[in-house]
file structure-v4.txt (compact mmCIF, C-alpha atoms)
# COMPACT_ATOMS: atom_id res chain seq x y z
CA MET A 7 -12.77 4.30 3.70
CA LEU A 8 -9.01 4.45 4.23
CA ARG A 9 -7.94 8.01 5.00
CA THR A 10 -6.08 9.93 2.30
CA LYS A 11 -2.92 10.14 4.40
CA PRO A 12 -2.19 6.96 6.39
CA VAL A 13 -0.53 8.63 9.37
CA GLY A 14 -1.14 8.70 13.11
CA ARG A 15 -2.62 5.92 15.21
CA GLY A 16 -2.91 2.67 13.25
CA ALA A 17 -0.95 4.12 10.34
CA ALA A 18 1.21 1.03 9.86
CA ALA A 19 -1.85 -1.19 9.45
CA ARG A 20 -3.43 1.24 6.99
CA LYS A 21 -0.28 1.25 4.86
CA TYR A 22 -0.38 -2.53 4.65
CA ASP A 23 -4.09 -2.38 3.86
CA LEU A 24 -3.40 -0.15 0.88
CA LEU A 25 -0.67 -2.43 -0.46
CA THR A 26 -2.83 -5.51 0.17
CA ALA A 27 -5.76 -3.99 -1.72
CA LEU A 28 -3.52 -3.13 -4.64
CA GLY A 29 -1.91 -6.57 -4.67
CA ALA A 30 -5.23 -8.43 -4.51
CA HIS A 31 -6.53 -6.31 -7.36
CA ALA A 32 -3.47 -6.98 -9.50
CA LEU A 33 -3.61 -10.75 -9.00
CA SER A 34 -7.10 -10.87 -10.52
CA GLN A 35 -6.03 -8.95 -13.63
CA ASP A 36 -4.02 -9.68 -16.75
CA ARG A 37 -0.22 -9.49 -16.91
CA THR A 38 -0.13 -5.88 -18.09
CA GLU A 39 -2.18 -4.73 -15.11
CA GLN A 40 -0.14 -6.88 -12.74
CA VAL A 41 3.13 -5.35 -13.91
CA LEU A 42 1.79 -1.81 -13.56
CA ALA A 43 0.52 -2.49 -10.04
CA LEU A 44 3.76 -4.21 -9.03
CA ARG A 45 5.78 -1.25 -10.26
CA LEU A 46 3.66 1.15 -8.23
CA MET A 47 3.87 -1.07 -5.13
CA THR A 48 7.66 -1.17 -5.48
CA LEU A 49 7.79 2.62 -5.76
CA ILE A 50 5.59 2.96 -2.68
CA THR A 51 7.62 0.61 -0.51
CA ALA A 52 11.00 1.92 -1.68
CA ARG A 53 10.53 5.66 -2.06
CA TYR A 54 7.16 6.94 -0.85
CA ASN A 55 7.23 9.23 2.21
CA TRP A 56 4.01 8.35 4.05
CA GLY A 57 4.20 11.19 6.55
CA ARG A 58 4.56 13.89 3.88
CA ASP A 59 2.45 12.14 1.22
CA GLU A 60 5.35 12.60 -1.15
CA LEU A 61 7.05 10.58 -3.84
CA ALA A 62 10.10 12.52 -5.01
CA VAL A 63 12.19 10.39 -7.35
CA GLY A 64 13.76 10.93 -10.74
CA VAL A 65 13.10 9.04 -13.95
CA ARG A 66 16.61 7.60 -13.97
CA GLU A 67 16.25 6.24 -10.45
CA ILE A 68 12.85 4.70 -11.23
CA ALA A 69 14.28 3.09 -14.36
CA ARG A 70 17.02 1.49 -12.28
CA LEU A 71 14.52 0.32 -9.66
CA TRP A 72 12.17 -1.17 -12.25
CA SER A 73 14.95 -2.57 -14.46
CA VAL A 74 13.58 -0.76 -17.52
CA ASP A 75 14.61 2.15 -19.73
CA GLU A 76 13.60 5.76 -19.09
CA ARG A 77 11.11 5.75 -21.93
CA THR A 78 9.19 2.94 -20.23
CA VAL A 79 9.22 4.86 -16.97
CA LYS A 80 7.66 7.92 -18.61
CA ARG A 81 4.97 5.78 -20.25
CA GLU A 82 4.10 3.91 -17.05
CA MET A 83 4.05 7.04 -14.89
CA ALA A 84 1.72 8.63 -17.46
CA LYS A 85 -0.62 5.62 -17.07
CA LEU A 86 -0.57 5.93 -13.28
CA ARG A 87 -1.34 9.64 -13.48
CA ALA A 88 -4.14 9.07 -16.00
CA ARG A 89 -5.79 6.62 -13.60
CA GLY A 90 -5.44 8.99 -10.68
CA TRP A 91 -3.27 6.52 -8.76
CA VAL A 92 -0.52 9.13 -8.51
CA GLU A 93 -0.91 12.90 -8.73
CA LEU A 94 1.76 15.32 -9.87
CA THR A 95 2.27 17.95 -7.15
CA ARG A 96 5.38 19.65 -8.53
CA ALA A 97 6.82 19.32 -12.00
CA GLY A 98 10.47 18.47 -12.44
CA ALA A 99 12.93 21.19 -13.38
CA ARG A 100 16.67 21.49 -13.90
CA GLY A 101 18.32 20.00 -10.85
CA ARG A 102 15.00 19.03 -9.26
CA VAL A 103 12.97 15.83 -9.71
CA ALA A 104 9.21 15.76 -10.07
CA GLU A 105 7.13 15.19 -6.93
CA TYR A 106 3.98 13.09 -6.70
CA ALA A 107 1.31 12.24 -4.14
CA LEU A 108 -0.66 9.00 -4.00
CA GLY A 109 -4.27 9.11 -5.16
CA ILE A 110 -5.34 6.91 -2.26
CA GLU A 111 -9.08 7.40 -2.60
CA ARG A 112 -8.96 6.53 -6.30
CA LEU A 113 -6.80 3.50 -5.53
CA MET A 114 -9.39 2.36 -3.00
CA GLN A 115 -12.24 2.81 -5.48
CA ASP A 116 -10.45 0.86 -8.21
CA THR A 117 -9.40 -2.01 -5.94
CA ARG A 118 -12.70 -2.33 -4.04
CA PRO A 119 -13.96 -5.37 -6.04
CA GLY A 120 -11.08 -7.42 -4.64
CA TRP A 121 -11.51 -6.58 -0.95
CA GLU A 122 -13.84 -9.48 -0.19
CA ARG A 123 -11.28 -11.91 -1.59
CA VAL A 124 -8.92 -10.82 1.17
CA GLY A 125 -11.60 -11.36 3.81
CA PRO A 126 -14.76 -9.79 5.27
CA ASP A 127 -12.80 -8.18 8.11
CA PHE A 128 -10.53 -6.48 5.58
CA ALA A 129 -13.44 -5.17 3.52
CA CYS A 130 -15.22 -3.98 6.63
CA ARG A 131 -12.13 -2.19 7.91
CA LEU A 132 -11.51 -0.33 4.66
CA ASP A 133 -15.17 0.60 4.30
CA ALA A 134 -15.33 1.98 7.83
CA GLY A 135 -11.82 3.44 8.02
CA GLU A 136 -12.07 4.38 11.68
CA ALA A 137 -10.06 3.53 14.75
CA ASP A 138 -11.61 1.49 17.57
CA ASP A 139 -12.21 4.55 19.71
CA LYS A 140 -14.11 6.33 16.93
CA VAL A 141 -16.79 3.72 16.21
CA VAL A 142 -20.14 5.49 16.07
CA PRO A 143 -23.09 3.67 17.65
CA LEU A 144 -26.22 3.18 15.61
CA PRO A 145 -29.23 5.29 16.63
CA ILE A 146 -31.11 3.59 19.49
CA ARG A 147 -34.57 4.64 20.61
CA GLY A 148 -35.43 4.60 24.29
CA GLU A 149 -33.38 3.30 27.20
CA VAL A 150 -31.03 0.39 26.72
CA PRO A 151 -31.77 -2.30 29.32
CA PRO A 152 -28.76 -3.79 31.15
CA PRO A 153 -27.73 -7.36 30.35
CA ASP A 154 -28.98 -10.37 32.28
CA LEU A 155 -26.33 -11.36 34.83
CA SER A 156 -28.09 -14.48 36.09
CA GLY A 157 -25.79 -16.78 34.14
CA GLY A 158 -22.73 -15.37 35.86
CA SER A 159 -20.40 -16.04 32.92
CA GLU A 160 -17.41 -13.84 32.22
CA TRP A 161 -19.15 -12.57 29.10
CA ALA A 162 -22.31 -11.60 31.01
CA LEU A 163 -20.23 -9.64 33.51
CA ALA A 164 -18.18 -8.04 30.75
CA GLN A 165 -21.40 -7.02 28.99
CA ALA A 166 -22.49 -5.23 32.16
CA LEU A 167 -19.27 -3.21 32.11
CA LEU A 168 -19.63 -2.38 28.43
CA HIS A 169 -23.25 -1.35 28.93
CA ALA A 170 -22.28 0.96 31.79
CA GLU A 171 -19.46 2.55 29.78
CA GLU A 172 -21.44 3.28 26.60
CA PRO A 173 -25.05 2.04 26.35
CA GLY A 174 -25.49 3.11 22.72
CA LEU A 175 -22.43 1.26 21.50
CA TYR A 176 -23.39 -1.78 23.58
CA ALA A 177 -26.90 -1.82 22.09
CA SER A 178 -25.64 -1.35 18.53
CA TRP A 179 -22.88 -3.94 18.36
CA LEU A 180 -22.40 -5.89 21.60
CA ARG A 181 -25.82 -6.82 22.97
CA ALA A 182 -26.39 -9.35 20.19
CA LEU A 183 -23.15 -11.24 20.88
CA THR A 184 -23.54 -14.56 22.66
CA ARG A 185 -21.02 -16.75 24.42
CA ASP A 186 -20.04 -19.59 22.08
CA SER A 187 -17.19 -21.39 23.86
CA ARG A 188 -14.15 -21.03 26.08
CA ALA A 189 -10.88 -22.94 25.75
CA GLY A 190 -8.20 -21.88 28.21
CA GLY A 191 -7.75 -18.15 27.82
CA ARG A 192 -9.59 -17.98 24.49
CA LEU A 193 -13.19 -16.81 24.64
CA VAL A 194 -15.28 -17.20 21.49
CA LEU A 195 -18.35 -15.02 20.95
CA ALA A 196 -20.98 -15.48 18.25
CA ALA A 197 -22.51 -12.62 16.25
CA PRO A 198 -25.79 -12.78 14.30
CA SER A 199 -24.14 -12.29 10.92
CA ARG A 200 -20.80 -12.49 9.15
CA PHE A 201 -20.69 -8.73 8.67
CA HIS A 202 -21.51 -8.10 12.34
CA ALA A 203 -18.74 -10.49 13.43
CA ALA A 204 -16.20 -8.90 11.10
CA TYR A 205 -17.08 -5.38 12.19
CA VAL A 206 -16.84 -6.13 15.91
CA GLN A 207 -13.63 -8.14 15.52
CA THR A 208 -12.04 -5.33 13.51
CA HIS A 209 -13.19 -2.30 15.50
CA LEU A 210 -14.06 -3.43 19.01
CA SER A 211 -11.82 -6.40 19.81
CA ALA A 212 -9.53 -4.37 22.09
CA ARG A 213 -12.51 -3.06 24.04
CA LEU A 214 -14.00 -6.55 24.35
CA LEU A 215 -10.75 -8.02 25.60
CA ALA A 216 -10.25 -5.25 28.15
CA ALA A 217 -13.76 -5.73 29.57
CA CYS A 218 -13.41 -9.50 29.72
CA ARG A 219 -10.04 -9.28 31.45
CA ASP A 220 -11.48 -6.85 33.98
CA VAL A 221 -13.89 -9.53 35.15
CA ASP A 222 -11.70 -12.59 34.46
CA GLY A 223 -7.94 -12.19 34.33
CA GLY A 224 -7.63 -15.59 32.68
CA VAL A 225 -9.05 -14.31 29.38
CA SER A 226 -6.17 -13.68 26.98
CA GLU A 227 -8.02 -13.59 23.65
CA VAL A 228 -11.52 -12.80 22.42
CA THR A 229 -12.62 -14.03 18.99
CA VAL A 230 -15.91 -13.14 17.29
CA ILE A 231 -17.45 -15.55 14.76
CA ALA A 232 -20.70 -15.64 12.83
CA ALA A 233 -23.37 -17.79 14.46
CA GLY A 234 -24.57 -20.91 12.72

call {"tool": "encode", "arguments": {"input": "structure-v4.txt", "output": "structure tokens"}}
result
Amino acid sequence: MLRTKPVGRGAAARKYDLLTALGAHALSQDRTEQVLALRLMTLITARYNWGRDELAVGVREIARLWSVDERTVKREMAKLRARGWVELTRAGARGRVAEYALGIERLMQDTRPGWERVGPDFACRLDAGEADDKVVPLPIRGEVPPPDLSGGSEWALAQALLHAEEPGLYASWLRALTRDSRAGGRLVLAAPSRFHAAYVQTHLSARLLAACRDVDGGVSEVTVIAAG
């Protein structure tokens, strides 16, 4: 799942994932829920410090941002805290505004039913929550045989490279991919299932493209689809 602090490599994409999940959730709900989610999204985009996991903003400023009175702000912030979508980290005091952190894991739990409406790749990415270079291969028993190079296609040669680099990862996610088509620089591979295609496209597309370009410099894009 999405990490609790979207910082570091791929942070920008994870921030958008969080906002997308929240937006997709809101659009399936009634107007009251939509307004609450929109207000939180506006606070996040306008005032949230992603690097410090900090939302430090006063009631008066929020009221101006939301175009409401301060009483409404207090009521809506209480709702967000009750849900666990924001967490109070330091109470306000004279001359100092209250500070909050985002309850990202709770936000992910509450918005999960809407992930598939965004797309299988989105749902897969949020469920896995790992960068390409941290994909863990599934357990494989015995030796992993190298791919058949008799066809001589760019994908067959690329598979040989991928097998040599990391046999376990190749056996888990790449061995089952077949060459579907090639149009110019675009190579299309087919996976045995929709989930498999989404997972590989999300987590291993950069590695696939690099291997394919190593054996055929004309490859500029690799797309993975579900077979059938």

call {"tool": "atom_distance", "arguments": {"input": "structure-v4.txt", "atom1": "atom CA of A:Val74", "atom2": "atom CA of A:Tyr22"}}
result
26.3 Å

call {"tool": "residues_near_point", "arguments": {"input": "structure-v4.txt", "point": "(-3.3, -0.6, -1.4)", "cutoff": "12 Å", "atoms": "all atoms listed in the file", "output": "PyMOL selection string"}}
result
chain A and resi 7-10+12+19-32+43-44+46-48+50-51+91+108-118+120-121+124+128+132

call {"tool": "write_last_selection", "arguments": {"input": "structure-v4.txt", "atoms": "C-alpha atoms", "output": "tab-separated table (two decimals), in the frame of the given file"}}
result
chain	number	residue	atom	x	y	z
A	7	MET	CA	-12.77	4.30	3.70
A	8	LEU	CA	-9.01	4.45	4.23
A	9	ARG	CA	-7.94	8.01	5.00
A	10	THR	CA	-6.08	9.93	2.30
A	12	PRO	CA	-2.19	6.96	6.39
A	19	ALA	CA	-1.85	-1.19	9.45
A	20	ARG	CA	-3.43	1.24	6.99
A	21	LYS	CA	-0.28	1.25	4.86
A	22	TYR	CA	-0.38	-2.53	4.65
A	23	ASP	CA	-4.09	-2.38	3.86
A	24	LEU	CA	-3.40	-0.15	0.88
A	25	LEU	CA	-0.67	-2.43	-0.46
A	26	THR	CA	-2.83	-5.51	0.17
A	27	ALA	CA	-5.76	-3.99	-1.72
A	28	LEU	CA	-3.52	-3.13	-4.64
A	29	GLY	CA	-1.91	-6.57	-4.67
A	30	ALA	CA	-5.23	-8.43	-4.51
A	31	HIS	CA	-6.53	-6.31	-7.36
A	32	ALA	CA	-3.47	-6.98	-9.50
A	43	ALA	CA	0.52	-2.49	-10.04
A	44	LEU	CA	3.76	-4.21	-9.03
A	46	LEU	CA	3.66	1.15	-8.23
A	47	MET	CA	3.87	-1.07	-5.13
A	48	THR	CA	7.66	-1.17	-5.48
A	50	ILE	CA	5.59	2.96	-2.68
A	51	THR	CA	7.62	0.61	-0.51
A	91	TRP	CA	-3.27	6.52	-8.76
A	108	LEU	CA	-0.66	9.00	-4.00
A	109	GLY	CA	-4.27	9.11	-5.16
A	110	ILE	CA	-5.34	6.91	-2.26
A	111	GLU	CA	-9.08	7.40	-2.60
A	112	ARG	CA	-8.96	6.53	-6.30
A	113	LEU	CA	-6.80	3.50	-5.53
A	114	MET	CA	-9.39	2.36	-3.00
A	115	GLN	CA	-12.24	2.81	-5.48
A	116	ASP	CA	-10.45	0.86	-8.21
A	117	THR	CA	-9.40	-2.01	-5.94
A	118	ARG	CA	-12.70	-2.33	-4.04
A	120	GLY	CA	-11.08	-7.42	-4.64
A	121	TRP	CA	-11.51	-6.58	-0.95
A	124	VAL	CA	-8.92	-10.82	1.17
A	128	PHE	CA	-10.53	-6.48	5.58
A	132	LEU	CA	-11.51	-0.33	4.66

call {"tool": "residues_around", "arguments": {"input": "structure-v4.txt", "residues": "A:Val206", "least_positions_apart": "3", "cutoff": "10 Å", "atoms": "all atoms listed in the file", "output": "short mmCIF file (atom, residue, chain, number, x, y, z; two decimals) with C-alpha atoms, keeping the file's coordinate frame"}}
result
data_model
loop_
_atom_site.label_atom_id
_atom_site.label_comp_id
_atom_site.auth_asym_id
_atom_site.auth_seq_id
_atom_site.Cartn_x
_atom_site.Cartn_y
_atom_site.Cartn_z
CA ASP A 127 -12.80 -8.18 8.11
CA CYS A 130 -15.22 -3.98 6.63
CA ASP A 138 -11.61 1.49 17.57
CA VAL A 141 -16.79 3.72 16.21
CA TRP A 179 -22.88 -3.94 18.36
CA LEU A 180 -22.40 -5.89 21.60
CA LEU A 183 -23.15 -11.24 20.88
CA ALA A 197 -22.51 -12.62 16.25
CA PHE A 201 -20.69 -8.73 8.67
CA HIS A 202 -21.51 -8.10 12.34
CA ALA A 203 -18.74 -10.49 13.43
CA HIS A 209 -13.19 -2.30 15.50
CA LEU A 210 -14.06 -3.43 19.01
CA SER A 211 -11.82 -6.40 19.81
CA ALA A 212 -9.53 -4.37 22.09
CA ARG A 213 -12.51 -3.06 24.04
CA LEU A 214 -14.00 -6.55 24.35
CA THR A 229 -12.62 -14.03 18.99
CA VAL A 230 -15.91 -13.14 17.29
CA ILE A 231 -17.45 -15.55 14.76
#

call {"tool": "residues_around", "arguments": {"input": "structure-v4.txt", "residues": "A:Arg188", "least_positions_apart": "5", "cutoff": "12 Å", "atoms": "all atoms listed in the file", "output": "list of chain:residue names"}}
result
A:Ser159, A:Glu160, A:Trp161, A:Leu193, A:Val194, A:Leu195, A:Ala196, A:Gly224, A:Val225, A:Ser226, A:Glu227, A:Val228, A:Thr229, A:Val230

call {"tool": "residues_around", "arguments": {"input": "structure-v4.txt", "residues": "A:Val63", "least_positions_apart": "2", "cutoff": "10 Å", "atoms": "only C-alpha atoms", "output": "list in words"}}
result
Leu49, Arg53, Tyr54, Glu60, Leu61, Val65, Arg66, Glu67, Ile68, Gly98, Arg102, Val103, Ala104, Glu105 and Tyr106 of chain A

call {"tool": "closest_residue", "arguments": {"input": "structure-v4.txt", "among": "A:Arg123, A:Ala216, A:Leu155, A:Asp75", "to": "A:Leu168", "atoms": "only C-alpha atoms"}}
result
A:Ala216

call {"tool": "atom_distance", "arguments": {"input": "structure-v4.txt", "atom1": "atom CA of A:Asp59", "atom2": "atom CA of A:Glu39"}}
result
23.9 Å

call {"tool": "closest_residue", "arguments": {"input": "structure-v4.txt", "among": "A:Thr208, A:Trp56, A:Pro151, A:Gly223", "to": "A:Gly190", "atoms": "all atoms listed in the file"}}
result
A:Gly223

call {"tool": "atom_distance", "arguments": {"input": "structure-v4.txt", "atom1": "atom CA of A:Ala97", "atom2": "atom CA of A:Gly64"}}
result
11.0 Å

call {"tool": "closest_residue", "arguments": {"input": "structure-v4.txt", "among": "A:Ala189, A:Ala164, A:Leu42, A:Ala204", "to": "A:Ala217", "atoms": "only C-alpha atoms"}}
result
A:Ala164
